[in-house]
>>> print(open('coords-v4.csv').read())   # CSV, C-alpha atoms and all ligand atoms
chain,number,residue,atom,x,y,z
G,1,MET,CA,166.7,-18.0,108.1
G,2,GLN,CA,164.7,-15.2,106.5
G,3,GLN,CA,162.8,-16.0,103.3
G,4,ARG,CA,164.2,-14.0,100.4
G,5,THR,CA,161.7,-12.6,97.9
G,6,ASN,CA,161.9,-13.0,94.2
G,7,HIS,CA,162.5,-9.3,93.9
G,8,GLN,CA,165.5,-9.4,96.2
G,9,LEU,CA,166.9,-12.5,94.4
G,10,SER,CA,166.7,-10.8,91.0
G,11,GLU,CA,168.5,-7.8,92.4
G,12,TYR,CA,171.4,-10.0,93.3
G,13,SER,CA,171.4,-11.7,89.9
G,14,LEU,CA,171.7,-8.3,88.2
G,15,LYS,CA,175.0,-7.7,89.8
G,16,THR,CA,176.7,-10.3,87.7
G,17,ASP,CA,177.0,-10.4,83.9
G,18,ARG,CA,176.7,-14.1,83.4
G,19,CYS,CA,176.6,-15.8,86.8
G,20,ALA,CA,178.8,-18.7,87.7
G,21,SER,CA,177.1,-21.5,89.5
G,22,ILE,CA,178.3,-24.7,91.1
G,23,LEU,CA,177.3,-27.5,88.8
G,24,GLY,CA,178.8,-30.3,90.8
G,25,THR,CA,181.3,-31.1,93.6
G,26,GLY,CA,183.6,-34.0,94.6
G,27,SER,CA,186.3,-34.9,97.0
G,28,TYR,CA,189.0,-37.4,97.7
G,29,LEU,CA,190.5,-38.4,101.0
G,30,PRO,CA,193.4,-40.9,101.3
G,31,GLU,CA,192.7,-44.2,103.0
G,32,TYR,CA,195.2,-44.1,105.8
G,33,ILE,CA,193.9,-42.6,109.0
G,34,MET,CA,196.5,-41.2,111.3
G,35,THR,CA,195.0,-40.9,114.8
G,36,ASN,CA,196.1,-38.6,117.7
G,37,ALA,CA,197.2,-41.9,119.4
G,38,LYS,CA,199.6,-42.5,116.6
G,39,LEU,CA,201.1,-39.0,116.9
G,40,GLU,CA,201.6,-39.7,120.7
G,41,SER,CA,204.0,-42.3,119.6
G,42,MET,CA,205.9,-39.9,117.3
G,43,VAL,CA,206.2,-36.6,119.3
G,44,ASP,CA,205.8,-35.4,122.8
G,45,THR,CA,202.0,-34.8,122.6
G,46,THR,CA,198.7,-36.2,123.9
G,47,ASP,CA,195.4,-36.9,122.3
G,48,GLU,CA,193.9,-34.7,125.0
G,49,TRP,CA,196.2,-31.7,124.1
G,50,ILE,CA,195.4,-32.0,120.4
G,51,ARG,CA,191.6,-32.3,120.9
G,52,THR,CA,191.3,-29.5,123.3
G,53,ARG,CA,193.6,-27.0,121.5
G,54,THR,CA,192.5,-27.8,118.0
G,55,GLY,CA,189.4,-30.1,117.8
G,56,ILE,CA,191.3,-32.6,115.6
G,57,ARG,CA,190.9,-36.3,116.3
G,58,GLU,CA,192.5,-37.8,113.2
G,59,ARG,CA,193.7,-36.9,109.7
G,60,ARG,CA,194.3,-38.7,106.4
G,61,ILE,CA,197.8,-39.2,105.1
G,62,ALA,CA,198.4,-40.1,101.4
G,63,ALA,CA,200.5,-43.1,100.5
G,64,ALA,CA,204.1,-42.4,99.4
G,65,HIS,CA,203.2,-43.0,95.7
G,66,GLU,CA,200.1,-40.9,95.8
G,67,THR,CA,200.7,-37.4,94.5
G,68,THR,CA,198.7,-34.2,94.8
G,69,SER,CA,197.5,-34.5,91.2
G,70,ASP,CA,196.4,-38.1,91.9
G,71,MET,CA,194.2,-36.9,94.7
G,72,ALA,CA,193.0,-33.9,92.7
G,73,ALA,CA,192.2,-36.1,89.7
G,74,ALA,CA,190.1,-38.4,91.9
G,75,ALA,CA,188.2,-35.4,93.3
G,76,ALA,CA,187.7,-34.1,89.8
G,77,ALA,CA,186.3,-37.4,88.5
G,78,ALA,CA,183.8,-37.4,91.4
G,79,ALA,CA,182.7,-33.9,90.6
G,80,LEU,CA,182.3,-34.7,86.9
G,81,LYS,CA,180.2,-37.7,87.8
G,82,ASN,CA,178.2,-35.6,90.3
G,83,ALA,CA,177.5,-32.9,87.6
G,84,SER,CA,177.0,-35.4,84.7
G,85,ILE,CA,179.6,-33.5,82.7
G,86,SER,CA,182.3,-35.2,80.6
G,87,ALA,CA,186.0,-34.3,80.9
G,88,GLU,CA,186.0,-33.2,77.3
G,89,GLU,CA,183.5,-30.4,78.2
G,90,VAL,CA,185.9,-28.8,80.7
G,91,SER,CA,187.4,-25.7,79.2
G,92,MET,CA,189.7,-24.7,82.1
G,93,ILE,CA,191.3,-26.4,85.1
G,94,ILE,CA,192.6,-24.2,88.0
G,95,CYS,CA,194.3,-26.1,90.8
G,96,ALA,CA,195.0,-24.4,94.1
G,97,THR,CA,197.9,-26.0,95.9
G,98,VAL,CA,201.1,-25.3,97.8
G,99,THR,CA,202.3,-28.9,97.4
G,100,PRO,CA,202.4,-29.3,93.6
G,101,ASP,CA,203.7,-32.6,92.2
G,102,MET,CA,206.6,-30.5,90.8
G,103,PHE,CA,207.5,-26.8,90.5
G,104,PHE,CA,206.5,-27.3,86.9
G,105,PRO,CA,204.5,-28.4,85.0
G,106,SER,CA,201.5,-27.3,87.0
G,107,THR,CA,199.5,-29.8,88.9
G,108,ALA,CA,196.5,-28.7,86.8
G,109,CYS,CA,198.3,-30.0,83.7
G,110,PHE,CA,198.9,-33.4,85.4
G,111,VAL,CA,195.2,-33.5,86.3
G,112,GLN,CA,194.2,-32.7,82.7
G,113,SER,CA,196.1,-35.7,81.5
G,114,LYS,CA,194.8,-38.0,84.2
G,115,ILE,CA,191.1,-37.2,83.6
G,116,GLY,CA,191.4,-36.7,79.8
G,117,ALA,CA,190.2,-33.1,79.8
G,118,LEU,CA,191.7,-32.6,76.3
G,119,HIS,CA,190.3,-29.1,75.6
G,120,ALA,CA,191.2,-27.4,79.0
G,121,VAL,CA,193.6,-24.6,79.7
G,122,CYS,CA,195.4,-25.4,82.9
G,123,PHE,CA,197.3,-23.6,85.6
G,124,ASP,CA,197.9,-23.5,89.4
G,125,VAL,CA,197.1,-20.9,92.0
G,126,SER,CA,199.3,-20.4,95.1
G,127,ALA,CA,197.4,-18.8,97.9
G,128,ALA,CA,197.9,-21.5,100.6
G,129,CYS,CA,194.8,-22.3,102.5
G,130,SER,CA,192.9,-19.5,100.7
G,131,GLY,CA,193.7,-21.0,97.3
G,132,PHE,CA,190.4,-22.6,96.5
G,133,LEU,CA,188.3,-19.4,96.9
G,134,TYR,CA,191.0,-17.4,95.0
G,135,ALA,CA,190.6,-20.0,92.2
G,136,MET,CA,186.8,-19.9,92.4
G,137,GLU,CA,186.9,-16.2,91.9
G,138,ILE,CA,189.2,-16.4,88.9
G,139,ALA,CA,186.8,-19.0,87.5
G,140,ARG,CA,183.8,-16.8,88.2
G,141,GLN,CA,185.4,-13.9,86.3
G,142,PHE,CA,186.1,-16.1,83.2
G,143,ILE,CA,182.5,-17.3,83.2
G,144,ALA,CA,181.0,-13.9,83.8
G,145,SER,CA,183.0,-12.5,80.8
G,146,GLY,CA,181.7,-15.3,78.6
G,147,GLN,CA,185.3,-16.5,77.8
G,148,GLN,CA,185.0,-19.9,79.4
G,149,LYS,CA,182.0,-22.3,79.8
G,150,ILE,CA,182.9,-25.0,82.3
G,151,ILE,CA,185.8,-24.6,84.7
G,152,LEU,CA,187.1,-27.3,87.0
G,153,VAL,CA,188.3,-25.7,90.3
G,154,LEU,CA,190.5,-27.8,92.5
G,155,GLY,CA,191.9,-27.5,96.0
G,156,ALA,CA,194.5,-30.2,96.6
G,157,ASP,CA,197.4,-30.6,99.1
G,158,LYS,CA,199.7,-33.3,100.3
G,159,LEU,CA,200.9,-31.4,103.3
G,160,SER,CA,202.4,-34.5,104.8
G,161,THR,CA,205.3,-34.0,102.4
G,162,ILE,CA,206.2,-30.6,103.9
G,163,VAL,CA,205.4,-31.3,107.6
G,164,ASN,CA,208.3,-31.6,110.0
G,165,TRP,CA,207.2,-34.8,111.7
G,166,LYS,CA,209.4,-34.0,114.7
G,167,ASP,CA,207.8,-30.6,115.4
G,168,ARG,CA,204.9,-31.1,117.7
G,169,ASN,CA,203.8,-27.4,117.2
G,170,THR,CA,202.8,-28.2,113.6
G,171,CYS,CA,202.7,-31.9,112.8
G,172,VAL,CA,199.5,-32.5,114.7
G,173,LEU,CA,197.5,-29.9,112.7
G,174,PHE,CA,197.7,-31.1,109.1
G,175,GLY,CA,196.4,-33.8,106.7
G,176,ASP,CA,196.1,-34.6,103.0
G,177,GLY,CA,193.2,-34.5,100.6
G,178,ALA,CA,191.5,-32.9,97.6
G,179,GLY,CA,188.2,-31.2,96.7
G,180,ALA,CA,186.7,-30.1,93.4
G,181,ALA,CA,183.9,-27.9,92.1
G,182,LEU,CA,182.7,-27.5,88.5
G,183,LEU,CA,181.6,-24.0,87.7
G,184,GLY,CA,179.5,-22.9,84.8
G,185,HIS,CA,176.4,-20.8,84.0
G,186,ARG,CA,173.1,-22.2,85.1
G,187,GLU,CA,169.8,-20.4,84.4
G,188,GLY,CA,167.8,-19.7,87.5
G,189,SER,CA,170.6,-19.6,90.0
G,190,GLY,CA,172.5,-16.6,91.2
G,191,GLY,CA,175.7,-18.7,91.6
G,192,ILE,CA,178.6,-16.8,93.2
G,193,LEU,CA,177.0,-13.5,94.3
G,194,ALA,CA,180.0,-11.8,95.7
G,195,THR,CA,183.6,-12.4,96.8
G,196,SER,CA,185.9,-10.4,99.0
G,197,MET,CA,189.7,-11.2,98.9
G,198,GLY,CA,192.8,-9.8,100.7
G,199,SER,CA,196.5,-10.4,101.2
G,200,ASN,CA,199.3,-9.1,103.5
G,201,GLY,CA,202.7,-10.1,102.3
G,202,SER,CA,204.4,-8.3,105.2
G,203,LEU,CA,203.3,-11.0,107.5
G,204,ALA,CA,204.6,-13.9,105.3
G,205,ASN,CA,206.9,-15.2,108.0
G,206,ILE,CA,204.3,-16.2,110.5
G,207,LEU,CA,203.2,-19.1,108.3
G,208,TYR,CA,205.6,-20.3,105.6
G,209,THR,CA,207.9,-22.9,104.1
G,210,PRO,CA,211.2,-21.0,103.9
G,211,GLY,CA,213.2,-23.6,101.9
G,212,GLY,CA,213.0,-25.4,98.6
G,213,GLY,CA,212.4,-22.3,96.5
G,214,SER,CA,214.8,-19.7,95.0
G,215,ALA,CA,215.4,-18.1,98.4
G,216,ALA,CA,216.9,-21.2,100.0
G,217,PRO,CA,217.3,-23.9,97.3
G,218,THR,CA,217.5,-27.5,98.1
G,219,THR,CA,221.0,-28.2,99.5
G,220,SER,CA,221.9,-30.9,102.0
G,221,GLU,CA,222.4,-28.2,104.6
G,222,ASN,CA,218.9,-26.7,104.0
G,223,VAL,CA,217.4,-30.2,104.2
G,224,ASP,CA,219.2,-30.9,107.5
G,225,GLN,CA,217.7,-27.7,108.9
G,226,LYS,CA,214.2,-28.7,107.7
G,227,LEU,CA,213.8,-25.5,105.8
G,228,ALA,CA,211.4,-27.0,103.3
G,229,THR,CA,208.9,-27.7,106.1
G,230,ILE,CA,206.0,-25.7,107.5
G,231,HIS,CA,207.2,-23.0,110.0
G,232,MET,CA,204.4,-21.3,112.0
G,233,ASN,CA,203.9,-18.8,114.7
G,234,GLY,CA,200.7,-20.4,116.1
G,235,ARG,CA,199.5,-17.6,118.3
G,236,GLU,CA,200.0,-14.9,115.6
G,237,THR,CA,198.3,-17.1,113.0
G,238,TYR,CA,195.4,-17.7,115.3
G,239,LYS,CA,194.9,-13.9,115.9
G,240,HIS,CA,195.1,-12.9,112.3
G,241,ALA,CA,192.9,-15.9,111.1
G,242,VAL,CA,190.0,-14.9,113.4
G,243,LYS,CA,190.2,-11.2,112.5
G,244,ALA,CA,190.6,-11.7,108.7
G,245,MET,CA,187.8,-14.3,108.5
G,246,VAL,CA,185.4,-12.1,110.5
G,247,ASP,CA,186.2,-9.0,108.5
G,248,SER,CA,186.0,-10.7,105.1
G,249,SER,CA,182.6,-12.3,106.1
G,250,GLU,CA,181.2,-9.0,107.0
G,251,LYS,CA,182.6,-7.3,103.9
G,252,VAL,CA,181.2,-9.9,101.5
G,253,LEU,CA,177.8,-9.9,103.2
G,254,ALA,CA,177.7,-6.1,102.8
G,255,GLN,CA,178.8,-6.4,99.1
G,256,ALA,CA,175.9,-8.8,98.4
G,257,GLY,CA,173.4,-6.7,100.4
G,258,LEU,CA,172.8,-9.5,102.8
G,259,THR,CA,173.1,-10.0,106.6
G,260,ILE,CA,174.4,-13.1,108.4
G,261,ASN,CA,170.8,-14.0,109.2
G,262,ASP,CA,170.2,-14.7,105.5
G,263,ILE,CA,172.9,-17.4,105.4
G,264,THR,CA,171.9,-21.1,105.4
G,265,CYS,CA,175.3,-22.5,106.1
G,266,ILE,CA,178.9,-21.2,106.7
G,267,ILE,CA,181.7,-23.3,105.3
G,268,PRO,CA,185.0,-22.2,106.8
G,269,HIS,CA,188.6,-23.1,106.4
G,270,GLN,CA,189.1,-26.1,108.6
G,271,ALA,CA,192.2,-25.2,110.6
G,272,ASN,CA,191.2,-25.2,114.2
G,273,LEU,CA,187.9,-25.5,116.1
G,274,ARG,CA,188.8,-22.7,118.5
G,275,ILE,CA,189.3,-20.3,115.5
G,276,ILE,CA,185.8,-21.2,114.2
G,277,GLU,CA,184.3,-20.8,117.7
G,278,ALA,CA,185.8,-17.3,118.0
G,279,ILE,CA,184.4,-16.4,114.5
G,280,ALA,CA,180.9,-17.7,115.5
G,281,ASP,CA,181.1,-15.6,118.6
G,282,ARG,CA,182.0,-12.5,116.7
G,283,LEU,CA,179.5,-13.0,114.0
G,284,HIS,CA,176.8,-13.7,116.6
G,285,VAL,CA,175.8,-17.0,115.1
G,286,PRO,CA,175.5,-20.5,116.6
G,287,LEU,CA,178.3,-23.0,115.9
G,288,ASN,CA,175.9,-25.4,114.3
G,289,LEU,CA,175.6,-22.9,111.3
G,290,PHE,CA,179.1,-24.0,110.3
G,291,HIS,CA,179.9,-27.2,108.4
G,292,LEU,CA,182.8,-28.8,110.3
G,293,ASN,CA,184.9,-31.8,109.4
G,294,LEU,CA,188.3,-30.8,110.9
G,295,ASP,CA,187.9,-33.5,113.6
G,296,ARG,CA,188.2,-36.1,110.9
G,297,TYR,CA,190.6,-34.5,108.4
G,298,GLY,CA,192.6,-31.8,110.2
G,299,ASN,CA,193.8,-28.9,108.1
G,300,THR,CA,194.2,-29.9,104.5
G,301,SER,CA,195.1,-26.4,103.3
G,302,ALA,CA,193.6,-25.5,99.9
G,303,ALA,CA,191.6,-28.7,99.9
G,304,ALA,CA,189.8,-28.0,103.3
G,305,VAL,CA,187.0,-25.7,102.2
G,306,ALA,CA,186.5,-27.7,98.9
G,307,ILE,CA,186.1,-31.0,100.8
G,308,ALA,CA,183.8,-29.3,103.3
G,309,LEU,CA,181.7,-27.8,100.4
G,310,HIS,CA,181.3,-31.2,98.8
G,311,GLU,CA,180.4,-32.8,102.2
G,312,ALA,CA,177.9,-30.1,103.0
G,313,ALA,CA,176.3,-30.4,99.5
G,314,GLN,CA,175.9,-34.1,100.0
G,315,THR,CA,174.5,-34.0,103.5
G,316,LYS,CA,172.8,-30.7,104.1
G,317,ASN,CA,170.0,-31.0,101.5
G,318,PHE,CA,170.6,-27.4,100.2
G,319,ARG,CA,167.6,-26.0,98.3
G,320,PRO,CA,167.7,-23.7,95.3
G,321,GLY,CA,168.1,-20.1,96.7
G,322,ASP,CA,169.9,-21.2,99.9
G,323,LEU,CA,172.8,-18.9,100.6
G,324,ILE,CA,176.2,-20.4,101.5
G,325,LEU,CA,179.1,-18.3,103.0
G,326,LEU,CA,182.5,-19.7,102.3
G,327,VAL,CA,185.4,-18.1,104.3
G,328,VAL,CA,189.1,-18.9,104.3
G,329,PHE,CA,192.5,-17.8,105.6
G,330,GLY,CA,196.0,-18.9,104.9
G,331,GLY,CA,199.7,-18.3,104.5
G,332,GLY,CA,200.7,-15.1,102.6
G,333,LEU,CA,198.9,-13.9,104.5
G,334,THR,CA,195.8,-14.4,102.4
G,335,TRP,CA,192.1,-14.5,103.1
G,336,ALA,CA,188.8,-14.6,101.2
G,337,ALA,CA,185.0,-15.0,101.5
G,338,SER,CA,182.4,-15.8,98.9
G,339,ILE,CA,178.6,-16.1,99.0
G,340,VAL,CA,177.1,-18.7,96.8
G,341,GLN,CA,173.4,-19.0,96.0
G,342,TRP,CA,172.6,-22.6,95.6
G,401,LIG,N1,201.3,-31.2,122.2
G,401,LIG,C1,201.6,-30.8,123.4
G,401,LIG,N2,202.1,-29.6,123.7
G,401,LIG,C2,202.2,-28.7,122.6
G,401,LIG,C3,201.9,-29.1,121.3
G,401,LIG,C4,201.5,-30.4,121.1
G,401,LIG,N3,201.2,-30.9,119.9
G,401,LIG,N4,202.2,-28.0,120.5
G,401,LIG,C5,202.6,-27.1,121.3
G,401,LIG,N5,202.6,-27.5,122.6
G,401,LIG,C6,203.0,-26.7,123.7
G,401,LIG,C7,204.0,-25.5,123.4
G,401,LIG,O1,205.3,-26.0,123.3
G,401,LIG,C8,203.8,-24.7,124.6
G,401,LIG,O2,204.6,-25.2,125.6
G,401,LIG,P1,205.4,-24.2,126.6
G,401,LIG,O3,204.4,-23.3,127.2
G,401,LIG,O4,206.1,-25.1,127.5
G,401,LIG,O5,206.3,-23.4,125.6
G,401,LIG,C9,202.3,-24.9,125.0
G,401,LIG,O6,201.9,-26.1,124.3
G,401,LIG,C10,201.4,-23.8,124.6
G,401,LIG,O7,201.7,-23.4,123.3
G,401,LIG,P2,200.9,-22.3,122.5
G,401,LIG,O8,201.5,-22.1,121.1
G,401,LIG,O9,200.7,-21.1,123.4
G,401,LIG,O10,199.5,-23.1,122.4
G,401,LIG,P3,198.2,-22.5,121.9
G,401,LIG,O11,197.1,-22.6,122.9
G,401,LIG,O12,198.4,-21.2,121.2
G,401,LIG,O13,197.8,-23.6,120.8
G,401,LIG,C11,197.9,-23.8,118.4
G,401,LIG,C12,198.7,-23.8,119.7
G,401,LIG,C13,196.9,-24.9,118.4
G,401,LIG,C14,198.8,-24.0,117.2
G,401,LIG,C15,197.2,-22.4,118.3
G,401,LIG,O14,198.1,-21.4,118.4
G,401,LIG,C16,196.5,-22.3,117.0
G,401,LIG,O15,195.5,-22.9,116.8
G,401,LIG,N6,197.0,-21.4,116.1
G,401,LIG,C17,196.4,-21.3,114.8
G,401,LIG,C18,197.3,-21.9,113.9
G,401,LIG,C19,196.6,-22.8,112.9
G,401,LIG,O16,195.5,-23.2,113.0
G,401,LIG,N7,197.4,-23.1,112.0
G,401,LIG,C20,197.0,-24.0,111.0
G,401,LIG,C21,197.6,-23.5,109.8
G,401,LIG,S1,197.0,-21.9,109.5
G,401,LIG,C22,196.0,-22.0,108.4
G,401,LIG,O17,195.5,-23.0,108.0
G,401,LIG,C23,195.5,-20.9,107.9
>>> encode(input="coords-v4.csv", output="structure tokens")
Amino acid sequence: MQQRTNHQLSEYSLKTDRCASILGTGSYLPEYIMTNAKLESMVDTTDEWIRTRTGIRERRIAAAHETTSDMAAAAAAAALKNASISAEEVSMIICATVTPDMFFPSTACFVQSKIGALHAVCFDVSAACSGFLYAMEIARQFIASGQQKIILVLGADKLSTIVNWKDRNTCVLFGDGAGAALLGHREGSGGILATSMGSNGSLANILYTPGGGSAAPTTSENVDQKLATIHMNGRETYKHAVKAMVDSSEKVLAQAGLTINDITCIIPHQANLRIIEAIADRLHVPLNLFHLNLDRYGNTSAAAVAIALHEAAQTKNFRPGDLILLVVFGGGLTWAASIVQW
């Protein structure tokens, strides 16, 4: 990694009004580990197929009574402890999820009640696997404008409730979990230096859950047809995921006036090892620059990059000034990349 000069760093800081830094992180993973061997007993698949096509060895599955907000609240509590901030100090909670506890109230409202964040404004963001970075960018804007001081950003999903456990094309890919980050202004850190986001709604039907909403409400017929489960065109998703994540990484680097050689660590959406290998190849960086955990957790949607961020923060010994690239892709289609200065 190239050393950045103070002059360069102050230039980046000038680009934001009041920068938003990561004050603490946390995560929660359910106890139950579903191995590939277990899936072999459920659908016509093999451990070898799953490992070689996806890189996934096992995933966590939440208990029946455990909700998305339970997981998010546990991740939030860990982040508050990590940052030495009390729940009463949190002024906003944004939860990215596609598996809310209910259509309404928002999952963020349930989390507020569970952690006792009495003074927070709460709402959810729906951007599938990209949701955590969308939520981070919303939080950054509120902090930059001076309207909010401490924002709890959550990525939480209980995908096991919308997986068709008879469809081998999808059920091997996903898991449950939650991740959290507390954002606020901290002197001496550039925080989130730049974010690039994009969406393409005309490709909604390559990765979606067609039933359960107003388009195909819950009827016994729709339930029989498994409409409220994940439908995916794997090959198309793969193709668009690689392109969007490479393009948004390049865009956000250009926005921040950086090159890939400045980056200490890349934290990608954890969908599939082959997608990440293709991105590494196209960005001309070694695979070990990426923080990976998809072998242990599979794809946990909005939670994936948040859990990986927490893990990387705990294990990689980031130093002040280190530059982290976060990059995601999900249903919508949606994608985003952010650069965070530690
Ligand atoms: N076990 C065994 N065989 C399987 C399984 C399975 N679990 N799933 C599919 N197959 C079979 C297919 O039926 C097909 O058989 P056929 O040739 O007899 O029809 C064969 O394997 C090849 O299927 P492909 O879809 O061509 O397999 P591919 O190499 O593309 O891998 C995969 C499939 C892993 C889904 C890949 O397309 C992929 O990674 N796509 C990206 C999708 C992704 O990561 N989605 C996660 C959600 S997206 C997100 O998070 C943003």
>>> closest_atom_pairs(input="coords-v4.csv", of="chain G", to="ligand LIG 401 (chain G)", cutoff="7 Å", atoms="all atoms listed in the file", output="tab-separated table")
residue	atom	partner	partner_atom	distance
G:Asp44	CA	G:LIG401	N1	6.2
G:Thr45	CA	G:LIG401	N1	3.7
G:Thr46	CA	G:LIG401	N1	5.9
G:Trp49	CA	G:LIG401	N1	5.5
G:Ile50	CA	G:LIG401	N3	5.9
G:Arg53	CA	G:LIG401	C13	5.0
G:Thr54	CA	G:LIG401	C13	5.3
G:Cys129	CA	G:LIG401	O17	5.6
G:Arg168	CA	G:LIG401	N3	4.3
G:Asn169	CA	G:LIG401	N4	3.7
G:Thr170	CA	G:LIG401	C14	6.8
G:Val172	CA	G:LIG401	N3	5.7
G:Leu173	CA	G:LIG401	C20	6.2
G:Leu207	CA	G:LIG401	S1	6.9
G:Gly234	CA	G:LIG401	O14	3.6
G:Arg235	CA	G:LIG401	O14	4.1
G:Thr237	CA	G:LIG401	C17	4.9
G:Tyr238	CA	G:LIG401	C17	3.8
G:Ala241	CA	G:LIG401	C23	6.5
G:Ala271	CA	G:LIG401	O16	4.5
G:Asn272	CA	G:LIG401	O16	4.9
G:Arg274	CA	G:LIG401	O15	6.9
G:Ile275	CA	G:LIG401	O15	6.8
G:Asn299	CA	G:LIG401	O17	6.1
G:Ser301	CA	G:LIG401	O17	5.8
G:Phe329	CA	G:LIG401	C23	4.9
G:Gly330	CA	G:LIG401	C23	3.6
G:Gly331	CA	G:LIG401	C23	6.0
>>> residues_around(input="coords-v4.csv", residues="Ile85 in chain G", least_positions_apart="3", cutoff="10 Å", atoms="only C-alpha atoms", output="PDB file with C-alpha atoms, in the frame of the given file")
ATOM      1  CA  LEU G  23     177.300 -27.500  88.800  1.00  0.00           C
ATOM      2  CA  GLY G  24     178.800 -30.300  90.800  1.00  0.00           C
ATOM      3  CA  ALA G  77     186.300 -37.400  88.500  1.00  0.00           C
ATOM      4  CA  ALA G  79     182.700 -33.900  90.600  1.00  0.00           C
ATOM      5  CA  LEU G  80     182.300 -34.700  86.900  1.00  0.00           C
ATOM      6  CA  LYS G  81     180.200 -37.700  87.800  1.00  0.00           C
ATOM      7  CA  ASN G  82     178.200 -35.600  90.300  1.00  0.00           C
ATOM      8  CA  GLU G  88     186.000 -33.200  77.300  1.00  0.00           C
ATOM      9  CA  GLU G  89     183.500 -30.400  78.200  1.00  0.00           C
ATOM     10  CA  VAL G  90     185.900 -28.800  80.700  1.00  0.00           C
ATOM     11  CA  ILE G 150     182.900 -25.000  82.300  1.00  0.00           C
ATOM     12  CA  LEU G 182     182.700 -27.500  88.500  1.00  0.00           C
TER      13      LEU G 182
END
>>> closest_residue(input="coords-v4.csv", among="G:Leu133, G:Val223, G:Val163, G:Leu323", to="Trp335 in chain G", atoms="all atoms listed in the file")
G:Leu133
>>> residues_around(input="coords-v4.csv", residues="range 113-125 of chain G", least_positions_apart="2", cutoff="10 Å", atoms="all atoms listed in the file", output="ChimeraX atom specification")
/G:69-70,72-74,76-77,80,86-98,100,104-111,127-128,130-132,134-135,138,148,150-155,302
>>> write_last_selection(input="coords-v4.csv", atoms="C-alpha atoms", output="short mmCIF file (atom, residue, chain, number, x, y, z; two decimals), in the frame of the given file")
data_model
loop_
_atom_site.label_atom_id
_atom_site.label_comp_id
_atom_site.auth_asym_id
_atom_site.auth_seq_id
_atom_site.Cartn_x
_atom_site.Cartn_y
_atom_site.Cartn_z
CA SER G 69 197.50 -34.50 91.20
CA ASP G 70 196.40 -38.10 91.90
CA ALA G 72 193.00 -33.90 92.70
CA ALA G 73 192.20 -36.10 89.70
CA ALA G 74 190.10 -38.40 91.90
CA ALA G 76 187.70 -34.10 89.80
CA ALA G 77 186.30 -37.40 88.50
CA LEU G 80 182.30 -34.70 86.90
CA SER G 86 182.30 -35.20 80.60
CA ALA G 87 186.00 -34.30 80.90
CA GLU G 88 186.00 -33.20 77.30
CA GLU G 89 183.50 -30.40 78.20
CA VAL G 90 185.90 -28.80 80.70
CA SER G 91 187.40 -25.70 79.20
CA MET G 92 189.70 -24.70 82.10
CA ILE G 93 191.30 -26.40 85.10
CA ILE G 94 192.60 -24.20 88.00
CA CYS G 95 194.30 -26.10 90.80
CA ALA G 96 195.00 -24.40 94.10
CA THR G 97 197.90 -26.00 95.90
CA VAL G 98 201.10 -25.30 97.80
CA PRO G 100 202.40 -29.30 93.60
CA PHE G 104 206.50 -27.30 86.90
CA PRO G 105 204.50 -28.40 85.00
CA SER G 106 201.50 -27.30 87.00
CA THR G 107 199.50 -29.80 88.90
CA ALA G 108 196.50 -28.70 86.80
CA CYS G 109 198.30 -30.00 83.70
CA PHE G 110 198.90 -33.40 85.40
CA VAL G 111 195.20 -33.50 86.30
CA ALA G 127 197.40 -18.80 97.90
CA ALA G 128 197.90 -21.50 100.60
CA SER G 130 192.90 -19.50 100.70
CA GLY G 131 193.70 -21.00 97.30
CA PHE G 132 190.40 -22.60 96.50
CA TYR G 134 191.00 -17.40 95.00
CA ALA G 135 190.60 -20.00 92.20
CA ILE G 138 189.20 -16.40 88.90
CA GLN G 148 185.00 -19.90 79.40
CA ILE G 150 182.90 -25.00 82.30
CA ILE G 151 185.80 -24.60 84.70
CA LEU G 152 187.10 -27.30 87.00
CA VAL G 153 188.30 -25.70 90.30
CA LEU G 154 190.50 -27.80 92.50
CA GLY G 155 191.90 -27.50 96.00
CA ALA G 302 193.60 -25.50 99.90
#
>>> atom_distance(input="coords-v4.csv", atom1="CA of Asp295 in chain G", atom2="CA of Arg57 in chain G")
4.9 Å
>>> build_atoms(input="coords-v4.csv", residues="range 309-313 of chain G", atoms="N, CA, C and O atoms", output="PDB file, in the frame of the given file")
ATOM      1  N   LEU G 309     182.810 -28.212 101.332  1.00  0.00           N
ATOM      2  CA  LEU G 309     181.700 -27.800 100.400  1.00  0.00           C
ATOM      3  C   LEU G 309     181.039 -29.057  99.854  1.00  0.00           C
ATOM      4  O   LEU G 309     179.809 -29.161  99.824  1.00  0.00           O
ATOM      5  N   HIS G 310     181.856 -30.000  99.420  1.00  0.00           N
ATOM      6  CA  HIS G 310     181.300 -31.200  98.800  1.00  0.00           C
ATOM      7  C   HIS G 310     180.481 -31.989  99.898  1.00  0.00           C
ATOM      8  O   HIS G 310     179.351 -32.421  99.635  1.00  0.00           O
ATOM      9  N   GLU G 311     181.059 -32.117 101.085  1.00  0.00           N
ATOM     10  CA  GLU G 311     180.400 -32.800 102.200  1.00  0.00           C
ATOM     11  C   GLU G 311     179.036 -32.166 102.506  1.00  0.00           C
ATOM     12  O   GLU G 311     178.013 -32.831 102.662  1.00  0.00           O
ATOM     13  N   ALA G 312     179.079 -30.827 102.610  1.00  0.00           N
ATOM     14  CA  ALA G 312     177.900 -30.100 103.000  1.00  0.00           C
ATOM     15  C   ALA G 312     176.812 -30.271 101.863  1.00  0.00           C
ATOM     16  O   ALA G 312     175.630 -30.473 102.142  1.00  0.00           O
ATOM     17  N   ALA G 313     177.264 -30.213 100.602  1.00  0.00           N
ATOM     18  CA  ALA G 313     176.300 -30.400  99.500  1.00  0.00           C
ATOM     19  C   ALA G 313     175.671 -31.757  99.504  1.00  0.00           C
ATOM     20  O   ALA G 313     174.508 -31.909  99.134  1.00  0.00           O
TER      21      ALA G 313
END
